[in-house]
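A.B. asks: mmCIF, C-alpha atoms and all ligand atoms, file query-v6.cif:
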```
data_my_file
loop_
_atom_site.label_atom_id
_atom_site.label_comp_id
_atom_site.auth_asym_id
_atom_site.auth_seq_id
_atom_site.Cartn_x
_atom_site.Cartn_y
_atom_site.Cartn_z
CA MET A 17 7.13 4.79 25.31
CA ASP A 18 7.21 3.40 21.80
CA LYS A 19 10.06 1.02 21.08
CA ASN A 20 10.19 1.93 17.39
CA ILE A 21 8.98 -1.44 16.23
CA VAL A 22 8.33 -1.59 12.50
CA VAL A 23 6.07 -4.18 10.94
CA ALA A 24 6.44 -4.32 7.14
CA ILE A 25 3.64 -5.96 5.17
CA ASP A 26 4.23 -6.47 1.47
CA GLY A 27 2.41 -8.47 -1.14
CA TYR A 28 0.29 -8.54 -4.25
CA SER A 29 -2.73 -6.34 -4.94
CA SER A 30 -6.00 -7.36 -3.26
CA CYS A 31 -4.41 -9.79 -0.86
CA GLY A 32 -5.96 -8.19 2.18
CA LYS A 33 -2.81 -6.38 3.29
CA SER A 34 -4.56 -3.26 4.46
CA THR A 35 -7.34 -5.19 6.22
CA LEU A 36 -4.76 -7.12 8.22
CA ALA A 37 -2.56 -4.07 8.79
CA LYS A 38 -5.46 -2.03 10.19
CA ALA A 39 -6.64 -4.84 12.47
CA LEU A 40 -3.12 -5.41 13.74
CA ALA A 41 -2.55 -1.69 14.35
CA LYS A 42 -5.78 -1.53 16.32
CA LYS A 43 -4.94 -4.58 18.41
CA LEU A 44 -1.39 -3.49 19.21
CA HIS A 45 -1.96 0.30 19.27
CA PHE A 46 0.52 0.91 16.46
CA ILE A 47 0.26 3.63 13.83
CA TYR A 48 -0.90 2.30 10.46
CA ILE A 49 0.51 3.81 7.26
CA ASP A 50 -0.87 2.84 3.88
CA SER A 51 2.02 3.51 1.50
CA GLY A 52 -0.14 2.71 -1.55
CA ALA A 53 -2.35 5.68 -0.61
CA MET A 54 0.71 7.92 -0.93
CA TYR A 55 1.42 6.75 -4.49
CA ARG A 56 -2.27 7.18 -5.25
CA ALA A 57 -2.33 10.75 -3.90
CA VAL A 58 0.72 11.70 -5.99
CA THR A 59 -1.03 10.18 -9.01
CA LEU A 60 -4.10 12.30 -8.30
CA TYR A 61 -1.98 15.43 -8.16
CA PHE A 62 -0.25 14.54 -11.43
CA LEU A 63 -3.58 13.85 -13.16
CA ARG A 64 -5.13 17.10 -11.95
CA ASN A 65 -2.10 19.06 -13.13
CA ASN A 66 -1.56 17.19 -16.40
CA ILE A 67 1.98 16.23 -15.54
CA ASP A 68 3.76 14.50 -18.39
CA LEU A 69 5.29 11.37 -16.84
CA LYS A 70 7.93 11.22 -19.56
CA ASP A 71 9.20 14.69 -18.68
CA SER A 72 11.44 14.11 -15.67
CA ALA A 73 11.99 17.84 -15.02
CA GLN A 74 8.23 18.37 -14.87
CA VAL A 75 7.83 15.37 -12.56
CA ALA A 76 10.59 16.61 -10.24
CA ALA A 77 9.10 20.12 -10.11
CA ALA A 78 5.59 18.77 -9.45
CA LEU A 79 6.81 16.55 -6.63
CA LYS A 80 8.01 19.63 -4.76
CA ASN A 81 4.39 20.81 -4.63
CA VAL A 82 2.99 17.57 -3.23
CA HIS A 83 2.63 17.63 0.55
CA LEU A 84 1.11 14.53 2.05
CA ASN A 85 -0.19 14.01 5.54
CA PHE A 86 -2.11 11.27 7.25
CA HIS A 87 -4.52 11.72 10.04
CA SER A 88 -5.74 8.59 11.66
CA ARG A 89 -8.63 8.64 14.07
CA ASP A 90 -10.06 5.19 13.67
CA TYR A 91 -7.35 3.20 11.92
CA GLN A 92 -8.84 4.17 8.58
CA THR A 93 -6.61 5.93 6.09
CA HIS A 94 -7.32 9.63 5.88
CA ILE A 95 -4.81 11.14 3.54
CA LEU A 96 -4.43 14.84 2.93
CA LEU A 97 -2.97 16.13 -0.31
CA ASN A 98 -1.92 19.73 0.28
CA ASP A 99 -4.41 19.86 3.17
CA GLU A 100 -7.31 18.48 1.12
CA GLU A 101 -8.87 15.18 2.19
CA VAL A 102 -8.58 12.88 -0.87
CA SER A 103 -9.12 9.46 0.75
CA ASP A 104 -12.13 8.59 -1.42
CA GLU A 105 -10.96 10.10 -4.66
CA ILE A 106 -7.71 8.13 -4.70
CA ARG A 107 -9.72 4.87 -4.87
CA LEU A 108 -11.57 5.79 -8.08
CA MET A 109 -10.72 4.41 -11.51
CA PRO A 110 -8.71 7.34 -12.96
CA VAL A 111 -6.19 6.99 -10.15
CA SER A 112 -6.27 3.16 -10.09
CA GLU A 113 -5.58 3.03 -13.81
CA ASN A 114 -2.58 5.37 -13.66
CA VAL A 115 -0.97 4.66 -10.31
CA SER A 116 1.33 1.86 -11.43
CA ASN A 117 2.90 4.12 -14.05
CA VAL A 118 3.47 6.84 -11.47
CA ALA A 119 4.77 4.35 -8.88
CA ALA A 120 7.35 3.15 -11.42
CA LEU A 121 9.07 6.56 -11.61
CA HIS A 122 12.44 6.84 -9.90
CA ASP A 123 11.98 10.38 -8.56
CA VAL A 124 8.56 9.54 -7.17
CA ARG A 125 9.89 6.51 -5.34
CA ILE A 126 12.85 8.41 -3.88
CA GLU A 127 10.52 11.05 -2.46
CA MET A 128 7.92 8.61 -1.11
CA VAL A 129 10.55 6.41 0.53
CA ARG A 130 12.10 9.47 2.18
CA GLN A 131 8.72 10.48 3.62
CA GLN A 132 7.91 6.91 4.70
CA GLN A 133 11.20 6.52 6.53
CA ARG A 134 10.58 9.81 8.32
CA MET A 135 7.16 8.57 9.45
CA GLY A 136 8.75 5.44 10.93
CA LYS A 137 11.18 7.34 13.16
CA SER A 138 10.75 6.66 16.89
CA LYS A 139 7.24 5.23 16.61
CA ASN A 140 5.66 1.79 16.50
CA ILE A 141 4.28 1.49 13.01
CA ILE A 142 2.74 -0.94 10.57
CA MET A 143 3.25 -0.04 6.94
CA ASP A 144 1.92 -1.97 3.98
CA GLY A 145 2.99 -1.79 0.36
CA ARG A 146 5.28 -3.48 -2.14
CA ASP A 147 8.81 -2.52 -1.07
CA ILE A 148 8.47 -1.89 2.65
CA GLY A 149 10.52 -4.85 3.86
CA THR A 150 13.04 -4.61 1.02
CA VAL A 151 13.67 -0.88 0.51
CA VAL A 152 11.85 1.36 3.00
CA PHE A 153 12.56 -0.56 6.21
CA PRO A 154 15.10 -3.29 5.48
CA HIS A 155 15.69 -3.54 9.25
CA ALA A 156 12.02 -3.94 10.21
CA GLN A 157 11.65 -6.30 13.15
CA VAL A 158 8.75 -8.15 11.50
CA LYS A 159 8.27 -8.64 7.76
CA LEU A 160 5.23 -10.35 6.31
CA PHE A 161 4.76 -11.21 2.67
CA MET A 162 1.11 -11.78 1.81
CA THR A 163 -0.17 -13.88 -1.01
CA ALA A 164 -3.33 -15.76 -1.99
CA ASP A 165 -4.64 -17.80 -4.89
CA PRO A 166 -5.23 -15.39 -7.84
CA ASN A 167 -8.78 -16.71 -8.35
CA VAL A 168 -9.64 -16.08 -4.71
CA ARG A 169 -8.14 -12.58 -4.89
CA ALA A 170 -10.15 -11.80 -8.02
CA GLN A 171 -13.35 -13.03 -6.33
CA ARG A 172 -12.72 -10.84 -3.28
CA ARG A 173 -11.94 -7.79 -5.39
CA TYR A 174 -14.93 -8.41 -7.65
CA LYS A 175 -17.28 -8.28 -4.66
CA GLU A 176 -15.98 -4.79 -3.82
CA VAL A 177 -15.80 -3.41 -7.35
CA ILE A 178 -19.25 -4.60 -8.46
CA LEU A 179 -20.84 -2.27 -5.89
CA LYS A 180 -19.41 0.78 -7.68
CA GLU A 181 -19.18 -0.57 -11.23
CA PRO A 182 -22.13 -2.94 -11.79
CA HIS A 183 -21.16 -3.88 -15.38
CA ILE A 184 -17.75 -5.25 -14.56
CA THR A 185 -17.16 -8.98 -15.00
CA LEU A 186 -15.10 -11.37 -12.88
CA GLU A 187 -12.85 -11.98 -15.91
CA GLU A 188 -12.11 -8.26 -16.22
CA VAL A 189 -11.22 -8.04 -12.56
CA PHE A 190 -8.99 -11.11 -12.88
CA GLU A 191 -7.20 -9.61 -15.90
CA SER A 192 -6.70 -6.25 -14.23
CA LEU A 193 -5.18 -7.91 -11.15
CA ALA A 194 -2.91 -10.06 -13.31
CA HIS A 195 -1.79 -6.92 -15.13
CA ARG A 196 -0.99 -5.10 -11.90
CA ASP A 197 0.89 -8.12 -10.55
CA TYR A 198 2.92 -8.17 -13.73
CA GLN A 199 3.70 -4.45 -13.54
CA ASP A 200 4.52 -4.53 -9.83
CA THR A 201 6.85 -7.53 -10.07
CA THR A 202 8.67 -6.66 -13.29
CA ARG A 203 9.28 -2.91 -13.01
CA ALA A 204 12.90 -1.76 -12.84
CA GLU A 205 12.44 0.42 -9.72
CA SER A 206 11.86 -1.50 -6.46
CA PRO A 207 9.85 -4.38 -7.91
CA LEU A 208 7.65 -6.40 -5.59
CA ILE A 209 9.83 -9.21 -4.29
CA ARG A 210 9.82 -11.06 -1.02
CA ALA A 211 12.61 -10.10 1.36
CA HIS A 212 14.22 -13.48 2.01
CA GLU A 213 13.59 -13.23 5.75
CA ALA A 214 9.92 -12.23 5.30
CA ILE A 215 7.34 -14.64 6.65
CA ILE A 216 4.94 -15.80 3.95
CA LEU A 217 1.29 -15.47 4.83
CA ASP A 218 -0.89 -17.23 2.27
CA ASN A 219 -4.41 -16.31 3.27
CA THR A 220 -6.31 -18.27 0.58
CA ASN A 221 -7.99 -20.35 3.26
CA LEU A 222 -7.62 -18.15 6.33
CA THR A 223 -10.23 -16.01 8.04
CA PRO A 224 -9.36 -12.41 9.00
CA GLU A 225 -9.25 -13.54 12.65
CA GLU A 226 -6.78 -16.31 11.87
CA GLN A 227 -4.55 -13.90 9.96
CA LEU A 228 -4.65 -11.41 12.81
CA ALA A 229 -3.74 -14.05 15.39
CA PHE A 230 -0.87 -15.26 13.22
CA ALA A 231 0.53 -11.76 12.60
CA ALA A 232 0.12 -10.68 16.24
CA SER A 233 2.01 -13.78 17.39
CA LYS A 234 4.98 -12.63 15.29
CA VAL A 235 5.00 -9.09 16.70
CA GLU A 236 4.18 -9.69 20.37
CA PRO A 237 7.62 -11.07 21.33
CA PHE A 238 9.09 -7.67 20.42
CA LEU A 239 6.74 -5.86 22.80
CA LYS A 240 7.99 -7.67 25.90
O1 LIG B 301 -1.75 -1.00 -2.45
P1 LIG B 301 -2.40 -0.16 -3.53
O2 LIG B 301 -3.16 -0.97 -4.55
O3 LIG B 301 -3.20 0.97 -3.01
O4 LIG B 301 -1.17 0.46 -4.34
C1 LIG B 301 -1.36 1.34 -5.39
C2 LIG B 301 -0.19 1.24 -6.36
O5 LIG B 301 1.01 1.75 -5.79
C3 LIG B 301 0.12 -0.15 -6.91
O6 LIG B 301 0.21 -0.07 -8.32
C4 LIG B 301 1.46 -0.50 -6.35
C5 LIG B 301 2.07 0.83 -5.95
N1 LIG B 301 2.80 0.75 -4.70
C6 LIG B 301 4.16 0.68 -4.78
O7 LIG B 301 4.72 0.63 -5.87
N2 LIG B 301 4.90 0.66 -3.64
C7 LIG B 301 4.31 0.70 -2.44
N3 LIG B 301 5.06 0.68 -1.33
C8 LIG B 301 2.90 0.75 -2.34
C9 LIG B 301 2.16 0.76 -3.50
#
```
Represent the structure from my file as structure tokens, please.
Ligand code: DC
C.D. replies:
Amino acid sequence: MDKNIVVAIDGYSSCGKSTLAKALAKKLHFIYIDSGAMYRAVTLYFLRNNIDLKDSAQVAAALKNVHLNFHSRDYQTHILLNDEEVSDEIRLMPVSENVSNVAALHDVRIEMVRQQQRMGKSKNIIMDGRDIGTVVFPHAQVKLFMTADPNVRAQRRYKEVILKEPHITLEEVFESLAHRDYQDTTRAESPLIRAHEAIILDNTNLTPEEQLAFAASKVEPFLK
């Protein structure tokens, strides 16, 4: 039986949070929930339906029509928006460019946090995001806060992005990450901050295997 252990992983964009979270979920047989995918799916719905983010009544009404579900076969994120699989579409530029504005809205955050807390009931889960250890699960047994040198993060992200957008430069990727960091850490609603009890994991010079071993060593005592 699950003990309802919650592992909260927060940190900056492109720090490898989801890579670590998936590997850890696989190793420990936990459920992995990518909270960023939820904000992305809401953003997709808002874009498709031309929701005016400044019109709070419109935002509130639209949110009532957004039904999100995850199905996880292989520890990859498969997210359904009103029963439609949107896992690939939420990673494309239109969503990436608009998601931080949507994620800054109070009503959106209230609704997402409500759904995230429901998903964490009576299960062993790993959730990654920006406010998981501070707002969503302040009582999580394990909280990790991931960070890495901004140049290293930009290099990693560049290697992924160049495959889909061959004209992009490393400088552009660096700037876009810096912009997202700024937005995520300075917004009024649930800014990205480290919960004071969160364990810092700086992975600038760590391999994925080293990160996994470190994170697993923090969770395993709770499984005994
Ligand atoms: O982790 P990601 O890049 O897929 O997140 C997409 C956006 O959603 C990013 O701008 C930060 C925001 N986000 C958030 O505000 N709170 C979360 N718990 C997860 C993501």
A.B. asks: So that each row is one residue of chain A with an atom at most 9 Å from ligand LIG 301 (chain B), can you give its shortest atom pair and the distance in Å to one decimal, using only C-alpha atoms and all ligand atoms, rows by chain and rising number, as JSON lines?
C.D. replies:
```
{"residue": "A:Asp26", "atom": "CA", "partner": "B:LIG301", "partner_atom": "N3", "distance": 7.7}
{"residue": "A:Gly27", "atom": "CA", "partner": "B:LIG301", "partner_atom": "O1", "distance": 8.7}
{"residue": "A:Tyr28", "atom": "CA", "partner": "B:LIG301", "partner_atom": "O1", "distance": 8.0}
{"residue": "A:Ser29", "atom": "CA", "partner": "B:LIG301", "partner_atom": "O2", "distance": 5.4}
{"residue": "A:Ser30", "atom": "CA", "partner": "B:LIG301", "partner_atom": "O2", "distance": 7.1}
{"residue": "A:Lys33", "atom": "CA", "partner": "B:LIG301", "partner_atom": "O1", "distance": 7.9}
{"residue": "A:Ser34", "atom": "CA", "partner": "B:LIG301", "partner_atom": "O1", "distance": 7.8}
{"residue": "A:Asp50", "atom": "CA", "partner": "B:LIG301", "partner_atom": "O1", "distance": 7.5}
{"residue": "A:Ser51", "atom": "CA", "partner": "B:LIG301", "partner_atom": "C8", "distance": 4.8}
{"residue": "A:Gly52", "atom": "CA", "partner": "B:LIG301", "partner_atom": "C9", "distance": 3.6}
{"residue": "A:Ala53", "atom": "CA", "partner": "B:LIG301", "partner_atom": "O3", "distance": 5.4}
{"residue": "A:Met54", "atom": "CA", "partner": "B:LIG301", "partner_atom": "C8", "distance": 7.6}
{"residue": "A:Tyr55", "atom": "CA", "partner": "B:LIG301", "partner_atom": "O5", "distance": 5.2}
{"residue": "A:Arg56", "atom": "CA", "partner": "B:LIG301", "partner_atom": "C1", "distance": 5.9}
{"residue": "A:Ile106", "atom": "CA", "partner": "B:LIG301", "partner_atom": "O3", "distance": 8.6}
{"residue": "A:Arg107", "atom": "CA", "partner": "B:LIG301", "partner_atom": "O3", "distance": 7.8}
{"residue": "A:Val111", "atom": "CA", "partner": "B:LIG301", "partner_atom": "C1", "distance": 8.8}
{"residue": "A:Ser112", "atom": "CA", "partner": "B:LIG301", "partner_atom": "C1", "distance": 7.0}
{"residue": "A:Glu113", "atom": "CA", "partner": "B:LIG301", "partner_atom": "O6", "distance": 8.6}
{"residue": "A:Asn114", "atom": "CA", "partner": "B:LIG301", "partner_atom": "O6", "distance": 8.1}
{"residue": "A:Val115", "atom": "CA", "partner": "B:LIG301", "partner_atom": "O6", "distance": 5.3}
{"residue": "A:Ser116", "atom": "CA", "partner": "B:LIG301", "partner_atom": "O6", "distance": 3.8}
{"residue": "A:Asn117", "atom": "CA", "partner": "B:LIG301", "partner_atom": "O6", "distance": 7.6}
{"residue": "A:Val118", "atom": "CA", "partner": "B:LIG301", "partner_atom": "O5", "distance": 8.0}
{"residue": "A:Ala119", "atom": "CA", "partner": "B:LIG301", "partner_atom": "O7", "distance": 4.8}
{"residue": "A:Ala120", "atom": "CA", "partner": "B:LIG301", "partner_atom": "O7", "distance": 6.6}
{"residue": "A:Arg125", "atom": "CA", "partner": "B:LIG301", "partner_atom": "O7", "distance": 7.8}
{"residue": "A:Met128", "atom": "CA", "partner": "B:LIG301", "partner_atom": "N3", "distance": 8.4}
{"residue": "A:Val129", "atom": "CA", "partner": "B:LIG301", "partner_atom": "N3", "distance": 8.2}
{"residue": "A:Met143", "atom": "CA", "partner": "B:LIG301", "partner_atom": "N3", "distance": 8.5}
{"residue": "A:Asp144", "atom": "CA", "partner": "B:LIG301", "partner_atom": "N3", "distance": 6.7}
{"residue": "A:Gly145", "atom": "CA", "partner": "B:LIG301", "partner_atom": "N3", "distance": 3.6}
{"residue": "A:Arg146", "atom": "CA", "partner": "B:LIG301", "partner_atom": "N3", "distance": 4.2}
{"residue": "A:Asp147", "atom": "CA", "partner": "B:LIG301", "partner_atom": "N3", "distance": 4.9}
{"residue": "A:Ile148", "atom": "CA", "partner": "B:LIG301", "partner_atom": "N3", "distance": 5.8}
{"residue": "A:Val151", "atom": "CA", "partner": "B:LIG301", "partner_atom": "N3", "distance": 8.9}
{"residue": "A:Val152", "atom": "CA", "partner": "B:LIG301", "partner_atom": "N3", "distance": 8.1}
{"residue": "A:Arg196", "atom": "CA", "partner": "B:LIG301", "partner_atom": "O6", "distance": 6.3}
{"residue": "A:Asp197", "atom": "CA", "partner": "B:LIG301", "partner_atom": "O6", "distance": 8.4}
{"residue": "A:Gln199", "atom": "CA", "partner": "B:LIG301", "partner_atom": "O6", "distance": 7.7}
{"residue": "A:Asp200", "atom": "CA", "partner": "B:LIG301", "partner_atom": "C4", "distance": 6.1}
{"residue": "A:Glu205", "atom": "CA", "partner": "B:LIG301", "partner_atom": "O7", "distance": 8.6}
{"residue": "A:Ser206", "atom": "CA", "partner": "B:LIG301", "partner_atom": "O7", "distance": 7.5}
{"residue": "A:Pro207", "atom": "CA", "partner": "B:LIG301", "partner_atom": "O7", "distance": 7.5}
{"residue": "A:Leu208", "atom": "CA", "partner": "B:LIG301", "partner_atom": "O7", "distance": 7.6}
```
A.B. asks: Between A:Leu108, A:Val158, A:Glu100, A:Ala37, which is the closest to Leu239 in chain A once you count only C-alpha atoms?
C.D. replies: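 Going through A:Leu108, A:Val158, A:Glu100, A:Ala37 one by one, the smallest distance to Leu239 in chain A is for A:Val158.
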A.B. asks: Between A:Ala229, A:Val177, A:Leu60, A:Ile67, which is the closest to Leu96 in chain A once you count all atoms listed in the file?
C.D. replies: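 Result for the nearest residue to Leu96 in chain A: A:Leu60.
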A.B. asks: Give me the range 108-208 of chain A side of the contact with range 79-82 of chain A, cut-off 9 Å, one line per residue showing its nearest atom pair and distance in Å at one decimal, counting all atoms listed in the file, sorted by chain and residue number, as JSON lines.
C.D. replies:
```
{"residue": "A:Asp123", "atom": "CA", "partner": "A:Leu79", "partner_atom": "CA", "distance": 8.3}
{"residue": "A:Val124", "atom": "CA", "partner": "A:Leu79", "partner_atom": "CA", "distance": 7.2}
{"residue": "A:Glu127", "atom": "CA", "partner": "A:Leu79", "partner_atom": "CA", "distance": 7.8}
```
A.B. asks: Using Å and a single decimal, report how far CA of Ile49 in chain A sits from CA of Gly149 in chain A.
C.D. replies: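 We find that CA of Gly149 in chain A and CA of Ile49 in chain A lie 13.7 Å from each other.
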A.B. asks: So how far away is CA of Ala41 in chain A from CA of Phe161 in chain A, in Å?
C.D. replies: 16.7 Å
A.B. asks: Counting all atoms listed in the file, figure out which residue out of A:Val235, A:Ala78, A:Ala57, A:Ile215 gets nearest to Gln157 in chain A.
C.D. replies: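 Smallest distance to Gln157 in chain A is found for A:Val235.
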A.B. asks: Ranking A:Ala232, A:Gln74, A:Met109, A:Gly136 by minimum distance to Lys42 in chain A and counting only C-alpha atoms, which one comes first?
C.D. replies: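 Among the listed residues, A:Ala232 lies closest to Lys42 in chain A.
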A.B. asks: Which of these residues is nearest to Ala204 in chain A, using only C-alpha atoms: A:Leu121, A:Leu36, A:Val102, A:Val23?
C.D. replies: A:Leu121
A.B. asks: Any idea what the distance is between CA of Arg172 in chain A and CA of Ile184 in chain A?
C.D. replies: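 If I compute the distance from CA of Arg172 in chain A to CA of Ile184 in chain A, I get 13.6 Å.
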A.B. asks: Would you kindly return, as a PyMOL selection string, each protein, DNA or RNA residue with an atom no farther than 12 Å from any atom of Ser88 in chain A, considering only C-alpha atoms and excluding same-chain residues fewer than 3 positions away?
C.D. replies: chain A and resi 38+41-42+45-50+85+91-96+101+103
A.B. asks: Deliver the residues from the most recent selection as a file, using C-alpha atoms, as a PDB file, in the frame of the given file.
C.D. replies:
```pdb
ATOM      1  CA  LYS A  38      -5.460  -2.030  10.190  1.00  0.00           C
ATOM      2  CA  ALA A  41      -2.550  -1.690  14.350  1.00  0.00           C
ATOM      3  CA  LYS A  42      -5.780  -1.530  16.320  1.00  0.00           C
ATOM      4  CA  HIS A  45      -1.960   0.300  19.270  1.00  0.00           C
ATOM      5  CA  PHE A  46       0.520   0.910  16.460  1.00  0.00           C
ATOM      6  CA  ILE A  47       0.260   3.630  13.830  1.00  0.00           C
ATOM      7  CA  TYR A  48      -0.900   2.300  10.460  1.00  0.00           C
ATOM      8  CA  ILE A  49       0.510   3.810   7.260  1.00  0.00           C
ATOM      9  CA  ASP A  50      -0.870   2.840   3.880  1.00  0.00           C
ATOM     10  CA  ASN A  85      -0.190  14.010   5.540  1.00  0.00           C
ATOM     11  CA  TYR A  91      -7.350   3.200  11.920  1.00  0.00           C
ATOM     12  CA  GLN A  92      -8.840   4.170   8.580  1.00  0.00           C
ATOM     13  CA  THR A  93      -6.610   5.930   6.090  1.00  0.00           C
ATOM     14  CA  HIS A  94      -7.320   9.630   5.880  1.00  0.00           C
ATOM     15  CA  ILE A  95      -4.810  11.140   3.540  1.00  0.00           C
ATOM     16  CA  LEU A  96      -4.430  14.840   2.930  1.00  0.00           C
ATOM     17  CA  GLU A 101      -8.870  15.180   2.190  1.00  0.00           C
ATOM     18  CA  SER A 103      -9.120   9.460   0.750  1.00  0.00           C
TER      19      SER A 103
END
```
A.B. asks: Which is closer to Lys43 in chain A than all the others in A:Val189, A:Leu84, A:Ile21, A:Ala231, using all atoms listed in the file?
C.D. replies: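 Answer, going by the shortest atom-to-atom distance: A:Ala231.
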